[in-house]
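Notes follow the structure.
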Amino acid sequence: MRLSLSKKINILLFLITLTGVLELSTIYYYQLLQKDDSRVINLAGKQRMLSQMAAKYALSAAYGDFSDKENLAKTVTEYELNLHTLYKGGTISGAKYPPAPARMDAVFKENISMLETFKGSAMDIDMVDAQNSRLKSIYLEESTALLNISNRITNELESISGYKNEHLRVILLFMTAAGVLIFIFGGLKVYNLMRPLRTLAHAVSKVGAGDFSQEIALPESNDEIRDLASAFNDMAHNLQNTAVSKDYLNGVIDAMGDMLFVIDIYGKIKTVNHTVCSILMYNADELIGKRAANLFSDGNVIEEKLKEVRILDHLEKISRIELWLITKSGGKIAVQCSFSMMKGTENGDIVCVAADITVRKRFEDELRKLSIAVEQSLSSIIITDKYGSIEFVNQKFTECTGYTLSEVKGKNPSILKSGKHPPEFYKRLWDTITAGEEFRADVCNRKKDGTLYWEFLSIAPIKDTVGNITHFIAVKIDDTERKHAEERLKQLAHFDMLTGLPNRSLYEDRLRQTLLQAKRTDFNFAVMFLDLDKFKFVNDTLGHHMGDLLLKEVAARLRESVRESDTVARMGGDEFQILLAKITKPTDAANIAGKIVKAMNEPFILDGQQCNIGVSIGISIYPDNGDNMEQLTKNADMAMYQVKEHGKNSFKFYDASMDVAILEKINLEKALTSALKNNELLLHYQPQIDIKNGKLVGCEALIRWQHPEMGMISPVRFIPLAEEINLICPIGEWVVREACAQNKLWQQSGFPPQRVSVNLSAHQFKDATLAKKITTILEETGLDPKYLDIELTESGLMQNVELSIQIMNELRKLGVNISIDDFGTGYSSLIYLKRFPIDILKIDQNFIRNCTTDPSDAVITSTIISMAHSLNIKVIAEGVETIAQLELLRIFDCDEVQGYIFNKPIPPEEFSKLLEEEHIFKLLD
Ligand SMILES: Nc1nc2c(ncn2[C@@H]2O[C@@H]3COP(=O)(O)O[C@H]4[C@@H](O)[C@H](n5cnc6c(=O)[nH]c(N)nc65)O[C@@H]4COP(=O)(O)O[C@H]3[C@H]2O)c(=O)[nH]1
């Protein structure tokens, strides 16, 4: 049952009041009772006195004194009245007397009876003989009895009154105790009521201090205090959920990544958060009170902004602006500030939140620079979406193709297709880029006006943050000129410039192809080795010009003598070779050879002058005279020598009896096998000179074989043999070790350090452990890798491009220099040149030899030099023999030169002398 607080208090008050009233009533009643009792007791006392007086008067009469007879009557009458009043109650002289308690009935009756007896005796008092002693005793007895009973009544009344008093005192005591108990109970109740109120007051004061986590235990009582406590808990809970404390708010503000300032109406800083302090490197104390404008590079702007914010306040707009904040150390930080009036305050504070946009700004700057770079790039740039639809092209693209951005936007780059590439090319392109890789290639495209052009194309996918391709970017460098140069170089590399016939490299390539085909499909072919008779005489007597004209005419007649499918090549000088691609029988070759001899014997009219020559032809037939290129060529060569030996101007088939030379070769092989361990190999060194100052910058190590009987043998003779019999690798290793050791010795002798170049055979370059071997040699000899230069021939590298690149990179990593030897005689591919990590390019001496006389050789030389320089590659010209060559090379900006004009390859002791003299080679004046 719910007892409300007011009810509880009312009950308590009622009980206390009731106790009080009862107590007062009791006291009052007690007082009244006391008054009645004392009146009764007084009357009873008076009865005792009256009984005494009656006794006295009776005695007096008994002794004959009747003077008090009347007094006796009066006394008895009064006594009787009083007795009846005491017994039954009544009023005497205005005073009221209550009737005596019932238990005193007997005594009062006895008193009345005694009084009646006494009265009877007293009535006869006149006849009493004064001397009658019996009467005397009767009177005495009766008055004493009356006196005694009066006393008894008095005492009994007194005792009844005393008992009553005692009883009332007990009641009073009890009531007082009850009152005290009710008071204590009430006090305890009030204390209990106050306890939850005190808890509540404590909790309320905590909430007031911002601690909303208060929750108090509900009192057990089902009253308003319980309601209050419950309401308080609800309130605190709601406050915690909806309101934030100052600390919490400060925590939030300090945790903000952006800087926060509160600026007062005077433009002074009132508050800052931690981010401000950490970015601007101030303490909060240093900032508070400072003018906000002083922190910005453009204080006026800030002042204006603050004013504007106050004016616009009613619009409730947040005003944003980009500014520069100055740090304590003077650094500048780009920020985007937003200003807003602080709501809920009257003092006009403004909140300024400044976001650090330095990175974004830098990024925007980068982006701006990048877009300018893209727009102004000298390369054409196309950006497409992931489906290949064009989104952007730059200015260079428009210049290059004639298409504007609006013309190509949304279209596919295939509008540029030239039709020069097969569908597989485009498939490979798409397969590569959609696989997320970069595609690079030389591409022939078509301009808007229909003209074709070449460009070097690189397409890269652009990926989003999760790696999905979103766009493709194509960067294209106009390659037409380079392509032309390359085509031209290829032409130069594969064709003889004078006669237009295929040169050695193309010829050998075709021979290789024919050989492969013949092996596959089993047919015969013939190799012819031709040497003109008397050409030297014509050249020497009629001059080079006539010699050239003659060679051209010879080439034309040779071409006419064979089928389209046959290859006529000029191998150099007056040496030609012919590949008769398919013959059914040797006589076919004999017929053609006869035809050629006949054609050569016809007089030549050169510039109006007639001259006659002849030709010696050696023929070898596949497969009878050899099943490989070298053998077929060598056998044809041998047959040609036979012709020369036997009178020239004829042809001869190879015959095994010619193999005397083969025996010689076998002997040579044996001798070479033991040459290494017999220490018959040695190195000569040829100086390499800086063309600008004549200083010695390096040398080329060239192997020599000092045979005990055959004398000095040229590497041209034994290196191919060593390659053939697999001796080239140990010999090559010996060369590298010897050259490194010698170079280190020179350095240890105090000579200025210089580079030593070593030739490496193509066979050595097939060895994947080559770099490891060279590392060991460098470690053993102690030579710094930068003083070693490895020379490789282009054709050697091309045999296995990927392995070559791998080995070259390994060597490069070691710090060793890499040169390409005999450049211009092989593939001369610029694309490969770009892929090879090359330091030096050596122009083949064939070009140098003729560069001053043959314009095409001069063109090749200068093209090679400028092309190498554009790829950051140094150029050495070898085989320089004349001042004219040297002069031309200097004009062509060649870097270094080597050749007989300075020195032939010399033994190390002689080379030491050059170093000792610190020899400066005399160049041109
Ligand atoms: N006509 C003329 N010739 C000049 C002139 N200056 C230098 N030479 C010669 O031209 C050749 C240049 O060497 P190469 O092209 O590497 O051609 C070398 C190279 O391919 C090979 N060879 C030489 N030494 C080694 C070697 O240690 N290892 C390998 N694998 N091959 C070597 O033998 C070839 C011939 O070597 P060498 O007979 O020493 O002939 C050398 C050198 O004596 C000049 O002004 N005029």
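Chain lettering (A, B, ...) mirrors the order of the structure tokens, residue numbering begins at 1 for each chain separately, and ligand numbering begins at 1 in order of display.
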Please, which residues in chain A fall within 7 Å of ligand 1 when counting only C-alpha atoms and all ligand atoms, and what is the closest atom pair and distance in Å to one decimal for each, ordered by chain then residue number, as CSV?
```
residue,atom,partner,partner_atom_place_in_ligand_line,distance
A:Ala701,CA,ligand 1,27 (O),6.5
A:Leu702,CA,ligand 1,24 (N),3.7
A:Ile703,CA,ligand 1,24 (N),4.0
A:Ser714,CA,ligand 1,38 (O),5.4
A:Pro715,CA,ligand 1,33 (O),4.6
A:Val716,CA,ligand 1,33 (O),4.9
A:Ile719,CA,ligand 1,31 (N),6.0
A:Gly732,CA,ligand 1,28 (N),5.8
A:Val735,CA,ligand 1,27 (O),5.6
A:Val758,CA,ligand 1,27 (O),6.2
A:Asn759,CA,ligand 1,28 (N),4.5
A:Leu760,CA,ligand 1,30 (N),4.5
A:Ser761,CA,ligand 1,30 (N),4.1
A:Asp821,CA,ligand 1,16 (O),6.5
A:Asp822,CA,ligand 1,15 (O),6.0
A:Asp844,CA,ligand 1,15 (O),7.0
A:Glu878,CA,ligand 1,6 (N),5.8
A:Gly879,CA,ligand 1,45 (O),3.3
A:Val880,CA,ligand 1,45 (O),4.5
A:Glu881,CA,ligand 1,45 (O),4.6
A:Gln898,CA,ligand 1,6 (N),6.1
A:Gly899,CA,ligand 1,45 (O),3.5
A:Tyr900,CA,ligand 1,45 (O),3.7
A:Ile901,CA,ligand 1,45 (O),6.1
A:Lys904,CA,ligand 1,6 (N),6.1
A:Pro905,CA,ligand 1,43 (O),5.6
```
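The environment of range 96-98 of chain A within 9 Å, counting only C-alpha atoms and disregarding residues fewer than 6 places along the same chain, consists of Asp36, Asp37, Arg39, Val40, Thr85, Leu86, Tyr87, Lys88, Gly89 and Gly90 of chain A.
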Alpha helix (DSSP H) call set, DSSP backbone run, range 216-297 of chain A, as a VMD selection string: chain A and resid 224 to 242 246 to 255 274 to 280 284 to 287
Residues as selected, N, CA, C and O atoms, written as a short mmCIF file (atom, residue, chain, number, x, y, z; two decimals), in the first residue's frame, can you do that?
```cif
data_model
loop_
_atom_site.label_atom_id
_atom_site.label_comp_id
_atom_site.auth_asym_id
_atom_site.auth_seq_id
_atom_site.Cartn_x
_atom_site.Cartn_y
_atom_site.Cartn_z
N GLU A 224 6.94 9.74 -2.16
CA GLU A 224 7.40 10.78 -3.09
C GLU A 224 8.91 10.79 -3.20
O GLU A 224 9.46 11.15 -4.24
N ILE A 225 9.62 10.39 -2.14
CA ILE A 225 11.09 10.39 -2.20
C ILE A 225 11.55 9.34 -3.20
O ILE A 225 12.47 9.56 -3.99
N ARG A 226 10.89 8.21 -3.18
CA ARG A 226 11.21 7.17 -4.17
C ARG A 226 10.95 7.72 -5.58
O ARG A 226 11.75 7.55 -6.50
N ASP A 227 9.77 8.45 -5.70
CA ASP A 227 9.45 9.06 -7.00
C ASP A 227 10.54 10.04 -7.40
O ASP A 227 11.00 10.08 -8.54
N LEU A 228 10.99 10.82 -6.40
CA LEU A 228 12.01 11.84 -6.66
C LEU A 228 13.32 11.19 -7.10
O LEU A 228 13.95 11.61 -8.07
N ALA A 229 13.71 10.13 -6.38
CA ALA A 229 14.95 9.43 -6.71
C ALA A 229 14.87 8.84 -8.10
O ALA A 229 15.80 8.93 -8.90
N SER A 230 13.72 8.25 -8.40
CA SER A 230 13.55 7.64 -9.72
C SER A 230 13.61 8.71 -10.81
O SER A 230 14.27 8.55 -11.84
N ALA A 231 12.93 9.85 -10.52
CA ALA A 231 12.94 10.96 -11.49
C ALA A 231 14.34 11.50 -11.67
O ALA A 231 14.78 11.82 -12.78
N PHE A 232 15.09 11.53 -10.55
CA PHE A 232 16.47 12.02 -10.64
C PHE A 232 17.32 11.11 -11.54
O PHE A 232 18.07 11.56 -12.40
N ASN A 233 17.17 9.78 -11.30
CA ASN A 233 17.94 8.84 -12.11
C ASN A 233 17.62 9.02 -13.59
O ASN A 233 18.52 9.03 -14.43
N ASP A 234 16.32 9.18 -13.87
CA ASP A 234 15.93 9.40 -15.28
C ASP A 234 16.57 10.66 -15.82
O ASP A 234 17.11 10.70 -16.93
N MET A 235 16.55 11.68 -14.99
CA MET A 235 17.08 12.98 -15.43
C MET A 235 18.60 12.86 -15.72
O MET A 235 19.07 13.28 -16.77
N ALA A 236 19.32 12.23 -14.77
CA ALA A 236 20.77 12.10 -14.95
C ALA A 236 21.08 11.27 -16.20
O ALA A 236 21.99 11.60 -16.97
N HIS A 237 20.32 10.24 -16.38
CA HIS A 237 20.51 9.37 -17.55
C HIS A 237 20.29 10.15 -18.85
O HIS A 237 21.10 10.11 -19.77
N ASN A 238 19.19 10.91 -18.85
CA ASN A 238 18.90 11.71 -20.04
C ASN A 238 19.97 12.75 -20.29
O ASN A 238 20.38 13.00 -21.42
N LEU A 239 20.43 13.34 -19.16
CA LEU A 239 21.47 14.36 -19.31
C LEU A 239 22.73 13.75 -19.90
O LEU A 239 23.36 14.32 -20.78
N GLN A 240 23.06 12.57 -19.39
CA GLN A 240 24.27 11.90 -19.89
C GLN A 240 24.14 11.61 -21.39
O GLN A 240 25.09 11.72 -22.13
N ASN A 241 22.94 11.23 -21.77
CA ASN A 241 22.73 10.89 -23.19
C ASN A 241 22.69 12.11 -24.08
O ASN A 241 23.08 12.07 -25.23
N THR A 242 22.17 13.17 -23.56
CA THR A 242 21.95 14.31 -24.46
C THR A 242 22.96 15.42 -24.27
O THR A 242 23.34 16.09 -25.22
N LYS A 246 32.02 19.73 -20.33
CA LYS A 246 33.03 20.64 -20.87
C LYS A 246 34.29 19.85 -21.23
O LYS A 246 34.86 20.05 -22.28
N ASP A 247 34.67 18.93 -20.33
CA ASP A 247 35.86 18.13 -20.60
C ASP A 247 35.69 17.32 -21.87
O ASP A 247 36.58 17.22 -22.70
N TYR A 248 34.46 16.75 -21.94
CA TYR A 248 34.18 15.92 -23.12
C TYR A 248 34.29 16.78 -24.39
O TYR A 248 34.94 16.39 -25.36
N LEU A 249 33.70 17.97 -24.28
CA LEU A 249 33.72 18.88 -25.43
C LEU A 249 35.16 19.29 -25.77
O LEU A 249 35.57 19.28 -26.92
N ASN A 250 35.93 19.58 -24.71
CA ASN A 250 37.34 19.95 -24.94
C ASN A 250 38.09 18.79 -25.56
O ASN A 250 38.93 18.98 -26.44
N GLY A 251 37.77 17.59 -25.06
CA GLY A 251 38.41 16.39 -25.63
C GLY A 251 38.13 16.29 -27.10
O GLY A 251 39.02 16.03 -27.91
N VAL A 252 36.86 16.52 -27.46
CA VAL A 252 36.47 16.44 -28.87
C VAL A 252 37.20 17.50 -29.67
O VAL A 252 37.76 17.24 -30.74
N ILE A 253 37.22 18.69 -29.14
CA ILE A 253 37.84 19.82 -29.87
C ILE A 253 39.34 19.55 -30.05
O ILE A 253 39.91 19.76 -31.12
N ASP A 254 39.98 19.01 -28.98
CA ASP A 254 41.42 18.75 -29.08
C ASP A 254 41.72 17.61 -30.02
O ASP A 254 42.79 17.54 -30.61
N ALA A 255 40.74 16.71 -30.12
CA ALA A 255 40.98 15.56 -31.01
C ALA A 255 40.75 15.91 -32.48
O ALA A 255 41.06 15.13 -33.36
N HIS A 274 44.45 21.73 -29.41
CA HIS A 274 45.81 21.18 -29.44
C HIS A 274 46.41 21.21 -30.83
O HIS A 274 47.61 21.40 -31.00
N THR A 275 45.56 20.98 -31.84
CA THR A 275 46.07 20.91 -33.21
C THR A 275 46.75 22.23 -33.58
O THR A 275 47.79 22.24 -34.23
N VAL A 276 46.19 23.33 -33.13
CA VAL A 276 46.80 24.64 -33.42
C VAL A 276 48.21 24.65 -32.84
O VAL A 276 49.18 25.01 -33.52
N CYS A 277 48.32 24.23 -31.56
CA CYS A 277 49.62 24.29 -30.89
C CYS A 277 50.62 23.39 -31.59
O CYS A 277 51.77 23.76 -31.81
N SER A 278 50.16 22.18 -31.97
CA SER A 278 51.15 21.25 -32.55
C SER A 278 51.54 21.68 -33.95
O SER A 278 52.68 21.51 -34.35
N ILE A 279 50.62 22.30 -34.70
CA ILE A 279 51.00 22.69 -36.08
C ILE A 279 51.79 24.01 -36.06
O ILE A 279 52.80 24.15 -36.74
N LEU A 280 51.32 24.97 -35.28
CA LEU A 280 51.99 26.27 -35.30
C LEU A 280 53.17 26.34 -34.33
O LEU A 280 53.90 27.31 -34.30
N ALA A 284 49.61 27.13 -25.90
CA ALA A 284 48.30 27.80 -25.92
C ALA A 284 48.42 29.16 -25.24
O ALA A 284 47.84 30.15 -25.70
N ASP A 285 49.22 29.24 -24.15
CA ASP A 285 49.35 30.50 -23.41
C ASP A 285 49.91 31.60 -24.28
O ASP A 285 49.59 32.78 -24.12
N GLU A 286 50.80 31.20 -25.22
CA GLU A 286 51.42 32.22 -26.08
C GLU A 286 50.41 32.78 -27.07
O GLU A 286 50.58 33.86 -27.61
N LEU A 287 49.37 32.02 -27.36
CA LEU A 287 48.41 32.43 -28.39
C LEU A 287 47.23 33.18 -27.80
O LEU A 287 46.70 34.12 -28.42
#
```
Test item: residues at most 12 Å from range 423-438 of chain A, only C-alpha atoms, excluding those fewer than 4 positions along its chain, as a ChimeraX atom specification: /A:385-388,413-414,417-419,442-444,457-464,467-475
Contact residues around His202 in chain A with only C-alpha atoms at 12 Å, ignoring same-chain residues under 2 positions, as a PyMOL selection string: chain A and resi 195-200+204-209+211+214-216+229+232
Dump N, CA and C atoms for the selected residues as a PDB file, in the first residue's frame?
```
ATOM      1  N   ARG A 195      17.414  10.499   4.899  1.00  0.00           N
ATOM      2  CA  ARG A 195      18.601   9.841   4.329  1.00  0.00           C
ATOM      3  C   ARG A 195      18.587   9.819   2.794  1.00  0.00           C
ATOM      4  N   PRO A 196      17.530   9.281   2.149  1.00  0.00           N
ATOM      5  CA  PRO A 196      17.516   9.337   0.671  1.00  0.00           C
ATOM      6  C   PRO A 196      17.567  10.766   0.152  1.00  0.00           C
ATOM      7  N   LEU A 197      16.996  11.694   0.959  1.00  0.00           N
ATOM      8  CA  LEU A 197      17.026  13.087   0.499  1.00  0.00           C
ATOM      9  C   LEU A 197      18.461  13.611   0.488  1.00  0.00           C
ATOM     10  N   ARG A 198      19.220  13.181   1.525  1.00  0.00           N
ATOM     11  CA  ARG A 198      20.624  13.615   1.575  1.00  0.00           C
ATOM     12  C   ARG A 198      21.399  13.028   0.392  1.00  0.00           C
ATOM     13  N   THR A 199      21.180  11.736   0.134  1.00  0.00           N
ATOM     14  CA  THR A 199      21.849  11.083  -1.010  1.00  0.00           C
ATOM     15  C   THR A 199      21.497  11.823  -2.306  1.00  0.00           C
ATOM     16  N   LEU A 200      20.226  12.156  -2.371  1.00  0.00           N
ATOM     17  CA  LEU A 200      19.726  12.857  -3.566  1.00  0.00           C
ATOM     18  C   LEU A 200      20.413  14.211  -3.710  1.00  0.00           C
ATOM     19  N   VAL A 204      22.647  15.367  -6.742  1.00  0.00           N
ATOM     20  CA  VAL A 204      22.253  16.560  -7.513  1.00  0.00           C
ATOM     21  C   VAL A 204      23.428  17.522  -7.608  1.00  0.00           C
ATOM     22  N   SER A 205      24.163  17.661  -6.486  1.00  0.00           N
ATOM     23  CA  SER A 205      25.294  18.593  -6.546  1.00  0.00           C
ATOM     24  C   SER A 205      26.350  18.076  -7.516  1.00  0.00           C
ATOM     25  N   LYS A 206      26.510  16.759  -7.628  1.00  0.00           N
ATOM     26  CA  LYS A 206      27.492  16.195  -8.587  1.00  0.00           C
ATOM     27  C   LYS A 206      27.047  16.441 -10.022  1.00  0.00           C
ATOM     28  N   VAL A 207      25.759  16.242 -10.263  1.00  0.00           N
ATOM     29  CA  VAL A 207      25.232  16.510 -11.613  1.00  0.00           C
ATOM     30  C   VAL A 207      25.457  17.976 -11.948  1.00  0.00           C
ATOM     31  N   GLY A 208      25.233  18.793 -10.925  1.00  0.00           N
ATOM     32  CA  GLY A 208      25.446  20.228 -11.128  1.00  0.00           C
ATOM     33  C   GLY A 208      26.869  20.519 -11.534  1.00  0.00           C
ATOM     34  N   ALA A 209      27.811  19.687 -11.021  1.00  0.00           N
ATOM     35  CA  ALA A 209      29.224  19.893 -11.369  1.00  0.00           C
ATOM     36  C   ALA A 209      29.582  19.239 -12.690  1.00  0.00           C
ATOM     37  N   ASP A 211      28.954  15.958 -13.568  1.00  0.00           N
ATOM     38  CA  ASP A 211      29.111  14.506 -13.574  1.00  0.00           C
ATOM     39  C   ASP A 211      27.740  13.854 -13.729  1.00  0.00           C
ATOM     40  N   GLN A 214      25.720   9.914 -12.363  1.00  0.00           N
ATOM     41  CA  GLN A 214      25.098   9.603 -11.070  1.00  0.00           C
ATOM     42  C   GLN A 214      23.868   8.723 -11.225  1.00  0.00           C
ATOM     43  N   GLU A 215      23.771   7.716 -10.343  1.00  0.00           N
ATOM     44  CA  GLU A 215      22.542   6.930 -10.259  1.00  0.00           C
ATOM     45  C   GLU A 215      22.398   6.508  -8.809  1.00  0.00           C
ATOM     46  N   ILE A 216      21.261   6.841  -8.214  1.00  0.00           N
ATOM     47  CA  ILE A 216      21.127   6.512  -6.797  1.00  0.00           C
ATOM     48  C   ILE A 216      20.200   5.327  -6.628  1.00  0.00           C
ATOM     49  N   ALA A 229      13.711  10.128  -6.376  1.00  0.00           N
ATOM     50  CA  ALA A 229      14.954   9.432  -6.706  1.00  0.00           C
ATOM     51  C   ALA A 229      14.866   8.838  -8.098  1.00  0.00           C
ATOM     52  N   PHE A 232      15.094  11.527 -10.553  1.00  0.00           N
ATOM     53  CA  PHE A 232      16.471  12.025 -10.638  1.00  0.00           C
ATOM     54  C   PHE A 232      17.319  11.109 -11.539  1.00  0.00           C
TER      55      PHE A 232
END
```
Ala636 in chain A surroundings by only C-alpha atoms, 12 Å radius, close-in-sequence under 2 positions cut, as a PyMOL selection string: chain A and resi 526-531+576-579+616-622+624-626+629-634+638-643+651-656+658-659
Ile149 in chain A surroundings by only C-alpha atoms, 10 Å radius, close-in-sequence under 2 positions cut, as a PyMOL selection string: chain A and resi 47-48+51+107-108+110-112+114-115+143-147+151-155
Would you write out those residues with N, CA and C atoms, as a PDB file, in the first residue's frame?
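Generated file (again07.pdb):
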```
ATOM      1  N   GLN A  47     -14.989  14.672  60.586  1.00  0.00           N
ATOM      2  CA  GLN A  47     -15.828  13.672  61.249  1.00  0.00           C
ATOM      3  C   GLN A  47     -15.107  13.112  62.459  1.00  0.00           C
ATOM      4  N   ARG A  48     -13.760  12.905  62.268  1.00  0.00           N
ATOM      5  CA  ARG A  48     -12.969  12.381  63.403  1.00  0.00           C
ATOM      6  C   ARG A  48     -12.982  13.387  64.532  1.00  0.00           C
ATOM      7  N   SER A  51     -16.402  13.412  66.009  1.00  0.00           N
ATOM      8  CA  SER A  51     -16.601  12.248  66.865  1.00  0.00           C
ATOM      9  C   SER A  51     -15.913  12.418  68.204  1.00  0.00           C
ATOM     10  N   VAL A 107     -18.527  -0.192  55.978  1.00  0.00           N
ATOM     11  CA  VAL A 107     -18.001   0.652  57.046  1.00  0.00           C
ATOM     12  C   VAL A 107     -18.924   1.838  57.311  1.00  0.00           C
ATOM     13  N   PHE A 108     -19.429   2.409  56.194  1.00  0.00           N
ATOM     14  CA  PHE A 108     -20.339   3.545  56.381  1.00  0.00           C
ATOM     15  C   PHE A 108     -21.612   3.086  57.088  1.00  0.00           C
ATOM     16  N   GLU A 110     -21.893   0.603  59.060  1.00  0.00           N
ATOM     17  CA  GLU A 110     -21.538   0.377  60.479  1.00  0.00           C
ATOM     18  C   GLU A 110     -21.487   1.693  61.212  1.00  0.00           C
ATOM     19  N   ASN A 111     -20.876   2.742  60.577  1.00  0.00           N
ATOM     20  CA  ASN A 111     -20.770   4.079  61.185  1.00  0.00           C
ATOM     21  C   ASN A 111     -22.165   4.640  61.462  1.00  0.00           C
ATOM     22  N   ILE A 112     -23.051   4.463  60.457  1.00  0.00           N
ATOM     23  CA  ILE A 112     -24.402   4.999  60.632  1.00  0.00           C
ATOM     24  C   ILE A 112     -25.073   4.299  61.812  1.00  0.00           C
ATOM     25  N   MET A 114     -23.589   2.807  64.285  1.00  0.00           N
ATOM     26  CA  MET A 114     -22.946   3.271  65.537  1.00  0.00           C
ATOM     27  C   MET A 114     -23.468   4.636  65.933  1.00  0.00           C
ATOM     28  N   LEU A 115     -23.639   5.490  64.886  1.00  0.00           N
ATOM     29  CA  LEU A 115     -24.130   6.855  65.169  1.00  0.00           C
ATOM     30  C   LEU A 115     -25.534   6.766  65.756  1.00  0.00           C
ATOM     31  N   SER A 143     -18.812   6.456  72.328  1.00  0.00           N
ATOM     32  CA  SER A 143     -18.078   7.585  71.662  1.00  0.00           C
ATOM     33  C   SER A 143     -16.732   7.115  71.143  1.00  0.00           C
ATOM     34  N   THR A 144     -16.092   6.202  71.866  1.00  0.00           N
ATOM     35  CA  THR A 144     -14.787   5.687  71.363  1.00  0.00           C
ATOM     36  C   THR A 144     -15.002   4.908  70.070  1.00  0.00           C
ATOM     37  N   ALA A 145     -16.115   4.109  70.092  1.00  0.00           N
ATOM     38  CA  ALA A 145     -16.386   3.369  68.825  1.00  0.00           C
ATOM     39  C   ALA A 145     -16.622   4.304  67.672  1.00  0.00           C
ATOM     40  N   LEU A 146     -17.372   5.366  67.957  1.00  0.00           N
ATOM     41  CA  LEU A 146     -17.627   6.363  66.891  1.00  0.00           C
ATOM     42  C   LEU A 146     -16.339   7.009  66.421  1.00  0.00           C
ATOM     43  N   LEU A 147     -15.550   7.315  67.462  1.00  0.00           N
ATOM     44  CA  LEU A 147     -14.237   7.925  67.103  1.00  0.00           C
ATOM     45  C   LEU A 147     -13.416   6.944  66.242  1.00  0.00           C
ATOM     46  N   ASN A 151     -12.241   7.387  62.530  1.00  0.00           N
ATOM     47  CA  ASN A 151     -10.813   7.266  62.115  1.00  0.00           C
ATOM     48  C   ASN A 151     -10.620   6.261  60.977  1.00  0.00           C
ATOM     49  N   ARG A 152     -11.334   5.164  61.141  1.00  0.00           N
ATOM     50  CA  ARG A 152     -11.192   4.124  60.101  1.00  0.00           C
ATOM     51  C   ARG A 152     -11.600   4.659  58.731  1.00  0.00           C
ATOM     52  N   ILE A 153     -12.777   5.336  58.793  1.00  0.00           N
ATOM     53  CA  ILE A 153     -13.262   5.875  57.501  1.00  0.00           C
ATOM     54  C   ILE A 153     -12.252   6.847  56.914  1.00  0.00           C
ATOM     55  N   THR A 154     -11.764   7.743  57.840  1.00  0.00           N
ATOM     56  CA  THR A 154     -10.763   8.728  57.349  1.00  0.00           C
ATOM     57  C   THR A 154      -9.578   7.984  56.738  1.00  0.00           C
ATOM     58  N   ASN A 155      -9.084   7.035  57.503  1.00  0.00           N
ATOM     59  CA  ASN A 155      -7.890   6.317  56.977  1.00  0.00           C
ATOM     60  C   ASN A 155      -8.190   5.587  55.671  1.00  0.00           C
TER      61      ASN A 155
END
```
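The space separating CA of Val756 in chain A from CA of Leu889 in chain A comes to 22.1 Å.
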Residues of range 307-523 of chain A in strand (DSSP E), written as a VMD selection string: chain A and resid 319 to 326 332 to 341 350 to 356 380 to 385 390 to 393 439 to 446 452 to 463 469 to 478
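Of the listed residues (A:Asn903, A:Ser795, A:Gln376, A:Ser150), A:Ser150 comes nearest to Asn82 in chain A; the distances count only C-alpha atoms.
The space between CA of Asp895 in chain A and CA of Lys874 in chain A spans 6.3 Å.
Closest approach to Val697 in chain A among A:Glu70, A:Glu80, A:Glu918, A:Asp767: A:Glu918, based on only C-alpha atoms.
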